[in-house]
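*Asks:* What follows is structure-v8.cif, made up of mmCIF, C-alpha atoms:
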```
data_run
loop_
_atom_site.group_PDB
_atom_site.id
_atom_site.type_symbol
_atom_site.label_atom_id
_atom_site.label_comp_id
_atom_site.auth_asym_id
_atom_site.auth_seq_id
_atom_site.Cartn_x
_atom_site.Cartn_y
_atom_site.Cartn_z
ATOM 1 C CA MET A 1 107.352 109.066 104.208
ATOM 2 C CA SER A 2 106.891 112.321 102.349
ATOM 3 C CA ASP A 3 106.801 115.583 104.271
ATOM 4 C CA PRO A 4 103.022 116.063 103.649
ATOM 5 C CA ALA A 5 102.307 112.501 104.859
ATOM 6 C CA ARG A 6 104.411 113.143 107.958
ATOM 7 C CA ARG A 7 102.523 116.397 108.601
ATOM 8 C CA VAL A 8 99.199 114.569 108.354
ATOM 9 C CA ALA A 9 100.350 111.742 110.650
ATOM 10 C CA ASP A 10 101.744 114.183 113.232
ATOM 11 C CA PHE A 11 98.555 116.269 113.155
ATOM 12 C CA VAL A 12 96.381 113.171 113.617
ATOM 13 C CA ARG A 13 98.530 112.002 116.505
ATOM 14 C CA ARG A 14 98.050 115.362 118.245
ATOM 15 C CA SER A 15 94.300 115.580 117.590
ATOM 16 C CA GLY A 16 93.335 111.950 118.240
ATOM 17 C CA GLY A 17 90.088 111.918 116.306
ATOM 18 C CA GLY A 18 88.070 113.239 113.423
ATOM 19 C CA VAL A 19 85.000 112.865 111.279
ATOM 20 C CA VAL A 20 84.985 110.184 108.600
ATOM 21 C CA ALA A 21 82.508 110.208 105.731
ATOM 22 C CA THR A 22 81.621 107.033 103.840
ATOM 23 C CA ASN A 23 79.236 106.315 100.963
ATOM 24 C CA SER A 24 76.388 103.832 101.185
ATOM 25 C CA ALA A 25 75.668 101.338 98.407
ATOM 26 C CA ASP A 26 72.943 103.677 97.095
ATOM 27 C CA GLY A 27 75.263 106.712 97.198
ATOM 28 C CA CYS A 28 74.040 108.407 100.378
ATOM 29 C CA PRO A 29 76.830 109.876 102.513
ATOM 30 C CA GLU A 30 77.183 109.055 106.198
ATOM 31 C CA SER A 31 79.521 110.810 108.620
ATOM 32 C CA ALA A 32 80.704 109.757 112.057
ATOM 33 C CA TRP A 33 83.245 110.777 114.659
ATOM 34 C CA VAL A 34 86.062 108.220 115.008
ATOM 35 C CA ASN A 35 89.107 107.850 117.218
ATOM 36 C CA LEU A 36 92.195 107.993 115.010
ATOM 37 C CA ALA A 37 95.782 106.834 115.178
ATOM 38 C CA ALA A 38 98.538 107.180 112.584
ATOM 39 C CA PHE A 39 101.225 104.774 111.416
ATOM 40 C CA GLY A 40 104.692 106.082 110.665
ATOM 41 C CA ASP A 41 104.077 105.566 106.930
ATOM 42 C CA GLY A 42 101.114 107.971 106.968
ATOM 43 C CA ARG A 43 98.276 105.427 107.076
ATOM 44 C CA LEU A 44 95.479 106.289 109.460
ATOM 45 C CA VAL A 45 93.600 103.804 111.648
ATOM 46 C CA PHE A 46 90.152 103.805 113.197
ATOM 47 C CA GLY A 47 87.777 101.178 114.509
ATOM 48 C CA THR A 48 84.213 100.365 113.522
ATOM 49 C CA ASN A 49 81.561 97.906 114.575
ATOM 50 C CA GLU A 50 80.735 95.205 112.018
ATOM 51 C CA ARG A 51 77.030 96.011 112.521
ATOM 52 C CA SER A 52 77.452 99.727 111.785
ATOM 53 C CA ARG A 53 76.407 101.607 108.663
ATOM 54 C CA LYS A 54 80.008 102.751 108.328
ATOM 55 C CA TYR A 55 81.222 99.153 108.023
ATOM 56 C CA ALA A 56 78.547 98.273 105.442
ATOM 57 C CA ASN A 57 79.401 101.430 103.534
ATOM 58 C CA LEU A 58 83.108 100.564 103.455
ATOM 59 C CA LEU A 59 82.306 97.134 102.064
ATOM 60 C CA ALA A 60 80.276 98.769 99.270
ATOM 61 C CA ASP A 61 82.695 101.645 98.541
ATOM 62 C CA PRO A 62 86.130 102.027 100.169
ATOM 63 C CA ARG A 63 86.484 105.730 99.304
ATOM 64 C CA VAL A 64 86.425 107.949 102.389
ATOM 65 C CA SER A 65 86.978 111.530 103.384
ATOM 66 C CA LEU A 66 88.038 112.746 106.807
ATOM 67 C CA VAL A 67 88.227 116.055 108.618
ATOM 68 C CA VAL A 68 90.638 116.320 111.541
ATOM 69 C CA VAL A 69 90.651 119.532 113.580
ATOM 70 C CA SER A 70 93.002 120.946 116.190
ATOM 71 C CA GLY A 71 90.469 122.996 118.119
ATOM 72 C CA ALA A 72 92.693 126.037 117.602
ATOM 73 C CA GLY A 73 91.824 126.976 114.016
ATOM 74 C CA GLN A 74 93.765 124.316 112.099
ATOM 75 C CA GLU A 75 92.336 121.374 110.194
ATOM 76 C CA PHE A 76 93.237 118.732 107.668
ATOM 77 C CA GLN A 77 90.675 117.646 105.091
ATOM 78 C CA LEU A 78 91.643 114.254 103.663
ATOM 79 C CA GLU A 79 90.516 111.883 100.919
ATOM 80 C CA GLY A 80 91.679 108.317 100.520
ATOM 81 C CA GLU A 81 90.804 104.678 100.295
ATOM 82 C CA ALA A 82 89.994 102.484 103.257
ATOM 83 C CA ALA A 83 91.078 98.901 103.760
ATOM 84 C CA LEU A 84 89.957 96.233 106.219
ATOM 85 C CA PRO A 85 93.257 94.561 107.097
ATOM 86 C CA ASP A 86 93.514 90.991 108.323
ATOM 87 C CA GLY A 87 96.162 88.831 109.933
ATOM 88 C CA ALA A 88 99.339 90.535 111.075
ATOM 89 C CA ASP A 89 98.310 93.845 109.466
ATOM 90 C CA ALA A 90 95.077 93.872 111.476
ATOM 91 C CA ARG A 91 96.910 93.042 114.693
ATOM 92 C CA ALA A 92 99.399 95.881 114.115
ATOM 93 C CA ALA A 93 96.536 98.314 113.432
ATOM 94 C CA GLU A 94 94.657 97.116 116.528
ATOM 95 C CA GLN A 95 97.752 97.541 118.704
ATOM 96 C CA LEU A 96 98.351 101.043 117.388
ATOM 97 C CA LEU A 97 94.738 102.128 117.885
ATOM 98 C CA GLU A 98 94.584 100.524 121.324
ATOM 99 C CA SER A 99 97.827 102.253 122.396
ATOM 100 C CA ARG A 100 96.327 105.626 121.477
ATOM 101 C CA HIS A 101 92.740 104.928 122.578
ATOM 102 C CA PRO A 102 92.583 102.250 125.296
ATOM 103 C CA GLY A 103 89.445 100.115 124.968
ATOM 104 C CA ALA A 104 88.901 100.986 121.302
ATOM 105 C CA THR A 105 89.439 97.440 120.035
ATOM 106 C CA GLY A 106 88.288 95.193 122.859
ATOM 107 C CA LYS A 107 84.934 94.073 121.464
ATOM 108 C CA PRO A 108 84.678 90.999 119.202
ATOM 109 C CA SER A 109 82.588 92.884 116.624
ATOM 110 C CA THR A 110 85.114 95.716 116.261
ATOM 111 C CA ARG A 111 87.126 95.838 113.040
ATOM 112 C CA VAL A 112 90.039 98.130 112.402
ATOM 113 C CA VAL A 113 90.112 100.180 109.244
ATOM 114 C CA THR A 114 93.207 101.674 107.670
ATOM 115 C CA VAL A 115 93.126 104.662 105.337
ATOM 116 C CA ARG A 116 95.897 105.757 103.038
ATOM 117 C CA PRO A 117 95.261 109.437 102.311
ATOM 118 C CA ARG A 118 95.772 110.382 98.657
ATOM 119 C CA TRP A 119 94.862 114.072 98.911
ATOM 120 C CA ALA A 120 94.991 116.568 101.767
ATOM 121 C CA ARG A 121 94.152 120.190 102.384
ATOM 122 C CA PHE A 122 95.566 121.983 105.412
ATOM 123 C CA VAL A 123 93.778 125.097 106.632
ATOM 124 C CA ASP A 124 94.914 127.405 109.413
ATOM 125 C CA VAL A 125 92.454 130.239 110.036
ATOM 126 C CA ALA A 126 94.368 131.319 113.159
ATOM 127 C CA ALA A 127 97.318 132.455 111.021
ATOM 128 C CA GLU A 128 97.418 135.948 109.556
ATOM 129 C CA PRO A 129 96.904 135.749 106.680
ATOM 130 C CA PRO A 130 95.041 132.427 106.838
ATOM 131 C CA VAL A 131 96.888 129.439 105.345
ATOM 132 C CA ARG A 132 95.457 127.018 102.801
ATOM 133 C CA GLU A 133 97.693 124.312 101.306
ATOM 134 C CA GLU A 134 96.796 121.270 99.182
ATOM 135 C CA PHE A 135 98.889 118.118 98.847
ATOM 136 C CA SER A 136 98.858 114.922 96.831
ATOM 137 C CA LEU A 137 100.103 112.086 99.016
#
```
Turn the structure described in the file into structure tokens.

*Replies:*
Amino acid sequence: MSDPARRVADFVRRSGGGVVATNSADGCPESAWVNLAAFGDGRLVFGTNERSRKYANLLADPRVSLVVVSGAGQEFQLEGEAALPDGADARAAEQLLESRHPGATGKPSTRVVTVRPRWARFVDVAAEPPVREEFSL
């Protein structure tokens, strides 16, 4: 895993959640708070209900953006593509998300979503001077 991908994964592990934005079939954005977990390879995981707008949006357009904040002036802004894994990949994602957020995957209508970030911006407004770094992942 590249250093930027490791930084993103470590930051997500510490924060535990963020806002994900998806695009509807007619192009309207929709944002929602999600519980997040991170694989060692930098992929992110969250859960969604199959009856949610987010799920329908992901079926229409897998491009997503996320904002993950520390609560202490740091944030990662991320862009990537979502996938709806199945089989062993889905089970691994479910186990990871469940280990980080107990109860997140227990409902039959819950699907796990993985996101491989392709671009990231790190911002730290608590630093002097403030830090702003962009990465391709």

*Asks:* Measure the distance from atom CA of Arg118 of chain A to atom CA of Arg6 of chain A in Å and round it to one decimal.

*Replies:* 13.0 Å

*Asks:* Find, counting all atoms listed in the file, the residue in A:Gln74, A:Thr114, A:Ser109, A:Thr22 that gets nearest to Ala92 of chain A.

*Replies:*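 Using all atoms listed in the file, Ala92 of chain A sits closest to A:Thr114.
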
*Asks:* Exactly which residues make up the result of the PyMOL selection byres ((chain A and resi 98) around 12) on this file, given as a list in words?

*Replies:*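 After applying the PyMOL selection byres ((chain A and resi 98) around 12), what remains is Gly16, Asn35, Leu36, Ala37, Ala38, Val45, Phe46, Gly47, Ala90, Arg91, Ala92, Ala93, Glu94, Gln95, Leu96, Leu97, Ser99, Arg100, His101, Pro102, Gly103, Ala104, Thr105, Gly106, Lys107, Thr110 and Val112 of chain A.
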
*Asks:* Can you spit out the residues from that selection as a compact mmCIF listing (two decimals), in the coordinates of the input, using C-alpha atoms?

*Replies:*
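Wrote it out as part.txt, contents follow:
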```
# COMPACT_ATOMS: atom_id res chain seq x y z
CA GLY A 16 93.34 111.95 118.24
CA ASN A 35 89.11 107.85 117.22
CA LEU A 36 92.20 107.99 115.01
CA ALA A 37 95.78 106.83 115.18
CA ALA A 38 98.54 107.18 112.58
CA VAL A 45 93.60 103.80 111.65
CA PHE A 46 90.15 103.80 113.20
CA GLY A 47 87.78 101.18 114.51
CA ALA A 90 95.08 93.87 111.48
CA ARG A 91 96.91 93.04 114.69
CA ALA A 92 99.40 95.88 114.12
CA ALA A 93 96.54 98.31 113.43
CA GLU A 94 94.66 97.12 116.53
CA GLN A 95 97.75 97.54 118.70
CA LEU A 96 98.35 101.04 117.39
CA LEU A 97 94.74 102.13 117.88
CA SER A 99 97.83 102.25 122.40
CA ARG A 100 96.33 105.63 121.48
CA HIS A 101 92.74 104.93 122.58
CA PRO A 102 92.58 102.25 125.30
CA GLY A 103 89.44 100.12 124.97
CA ALA A 104 88.90 100.99 121.30
CA THR A 105 89.44 97.44 120.04
CA GLY A 106 88.29 95.19 122.86
CA LYS A 107 84.93 94.07 121.46
CA THR A 110 85.11 95.72 116.26
CA VAL A 112 90.04 98.13 112.40
```

*Asks:* Decode the PyMOL selection byres ((chain A and resi 67) around 12) for the given file into explicit residues and return them as a PDB file with C-alpha atoms, keeping the file's coordinate frame.

*Replies:*
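Heads up, here's the output in result-v8.pdb:
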```
ATOM      1  CA  VAL A   8      99.199 114.569 108.354  1.00  0.00           C
ATOM      2  CA  PHE A  11      98.555 116.269 113.155  1.00  0.00           C
ATOM      3  CA  VAL A  12      96.381 113.171 113.617  1.00  0.00           C
ATOM      4  CA  SER A  15      94.300 115.580 117.590  1.00  0.00           C
ATOM      5  CA  GLY A  16      93.335 111.950 118.240  1.00  0.00           C
ATOM      6  CA  GLY A  17      90.088 111.918 116.306  1.00  0.00           C
ATOM      7  CA  GLY A  18      88.070 113.239 113.423  1.00  0.00           C
ATOM      8  CA  VAL A  19      85.000 112.865 111.279  1.00  0.00           C
ATOM      9  CA  VAL A  20      84.985 110.184 108.600  1.00  0.00           C
ATOM     10  CA  ALA A  21      82.508 110.208 105.731  1.00  0.00           C
ATOM     11  CA  SER A  31      79.521 110.810 108.620  1.00  0.00           C
ATOM     12  CA  ALA A  32      80.704 109.757 112.057  1.00  0.00           C
ATOM     13  CA  TRP A  33      83.245 110.777 114.659  1.00  0.00           C
ATOM     14  CA  VAL A  34      86.062 108.220 115.008  1.00  0.00           C
ATOM     15  CA  ASN A  35      89.107 107.850 117.218  1.00  0.00           C
ATOM     16  CA  LEU A  36      92.195 107.993 115.010  1.00  0.00           C
ATOM     17  CA  VAL A  64      86.425 107.949 102.389  1.00  0.00           C
ATOM     18  CA  SER A  65      86.978 111.530 103.384  1.00  0.00           C
ATOM     19  CA  LEU A  66      88.038 112.746 106.807  1.00  0.00           C
ATOM     20  CA  VAL A  68      90.638 116.320 111.541  1.00  0.00           C
ATOM     21  CA  VAL A  69      90.651 119.532 113.580  1.00  0.00           C
ATOM     22  CA  SER A  70      93.002 120.946 116.190  1.00  0.00           C
ATOM     23  CA  GLY A  71      90.469 122.996 118.119  1.00  0.00           C
ATOM     24  CA  GLN A  74      93.765 124.316 112.099  1.00  0.00           C
ATOM     25  CA  GLU A  75      92.336 121.374 110.194  1.00  0.00           C
ATOM     26  CA  PHE A  76      93.237 118.732 107.668  1.00  0.00           C
ATOM     27  CA  GLN A  77      90.675 117.646 105.091  1.00  0.00           C
ATOM     28  CA  LEU A  78      91.643 114.254 103.663  1.00  0.00           C
ATOM     29  CA  GLU A  79      90.516 111.883 100.919  1.00  0.00           C
ATOM     30  CA  GLY A  80      91.679 108.317 100.520  1.00  0.00           C
ATOM     31  CA  PRO A 117      95.261 109.437 102.311  1.00  0.00           C
ATOM     32  CA  TRP A 119      94.862 114.072  98.911  1.00  0.00           C
ATOM     33  CA  ALA A 120      94.991 116.568 101.767  1.00  0.00           C
ATOM     34  CA  ARG A 121      94.152 120.190 102.384  1.00  0.00           C
ATOM     35  CA  PHE A 122      95.566 121.983 105.412  1.00  0.00           C
ATOM     36  CA  VAL A 123      93.778 125.097 106.632  1.00  0.00           C
TER      37      VAL A 123
END
```

*Asks:* Around all the atoms of segment 97-106 of chain A listed in the file, with 8 Å of room on each side, what axis-aligned box do you get, giving centre and edge lengths in Å to one decimal, as AutoDock Vina command-line options?

*Replies:*
```
--center_x 93.1 --center_y 100.4 --center_z 121.6 --size_x 25.5 --size_y 26.4 --size_z 23.4
```

*Asks:* Suppose a student applies the PyMOL selection byres ((chain A and resi 23) around 10) to this structure; what residues should they get, written as a list of chain:residue names?

*Replies:*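 This file, filtered by the PyMOL selection byres ((chain A and resi 23) around 10), leaves A:Ala21, A:Thr22, A:Ser24, A:Ala25, A:Asp26, A:Gly27, A:Cys28, A:Pro29, A:Glu30, A:Ser31, A:Arg53, A:Lys54, A:Ala56, A:Asn57, A:Leu58, A:Leu59, A:Ala60, A:Asp61, A:Pro62, A:Arg63, A:Val64, A:Ser65.
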
*Asks:* Please indicate the distance in Å from atom CA of Ala83 of chain A to atom CA of Ser52 of chain A, rounded to one decimal place.

*Replies:*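 Value for the atom CA of Ala83 of chain A-atom CA of Ser52 of chain A distance: 15.8 Å.
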
*Asks:* Could you state the separation of atom CA of Arg111 of chain A and atom CA of Asp89 of chain A in Å, given to one decimal place?

*Replies:* 11.9 Å

*Asks:* Measuring atom to atom with only C-alpha atoms, identify which of A:Gly73, A:Pro85, A:Pro4, A:Gly42 is nearest to Val125 of chain A.

*Replies:*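 When distances to Val125 of chain A are compared using only C-alpha atoms, the smallest one comes from A:Gly73.
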
*Asks:* For Phe39 of chain A, which residue among A:Glu81, A:Arg116, A:Pro108, A:Asp86 is the nearest when counting only C-alpha atoms?

*Replies:*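 Among the listed residues, the smallest separation from Phe39 of chain A belongs to A:Arg116.
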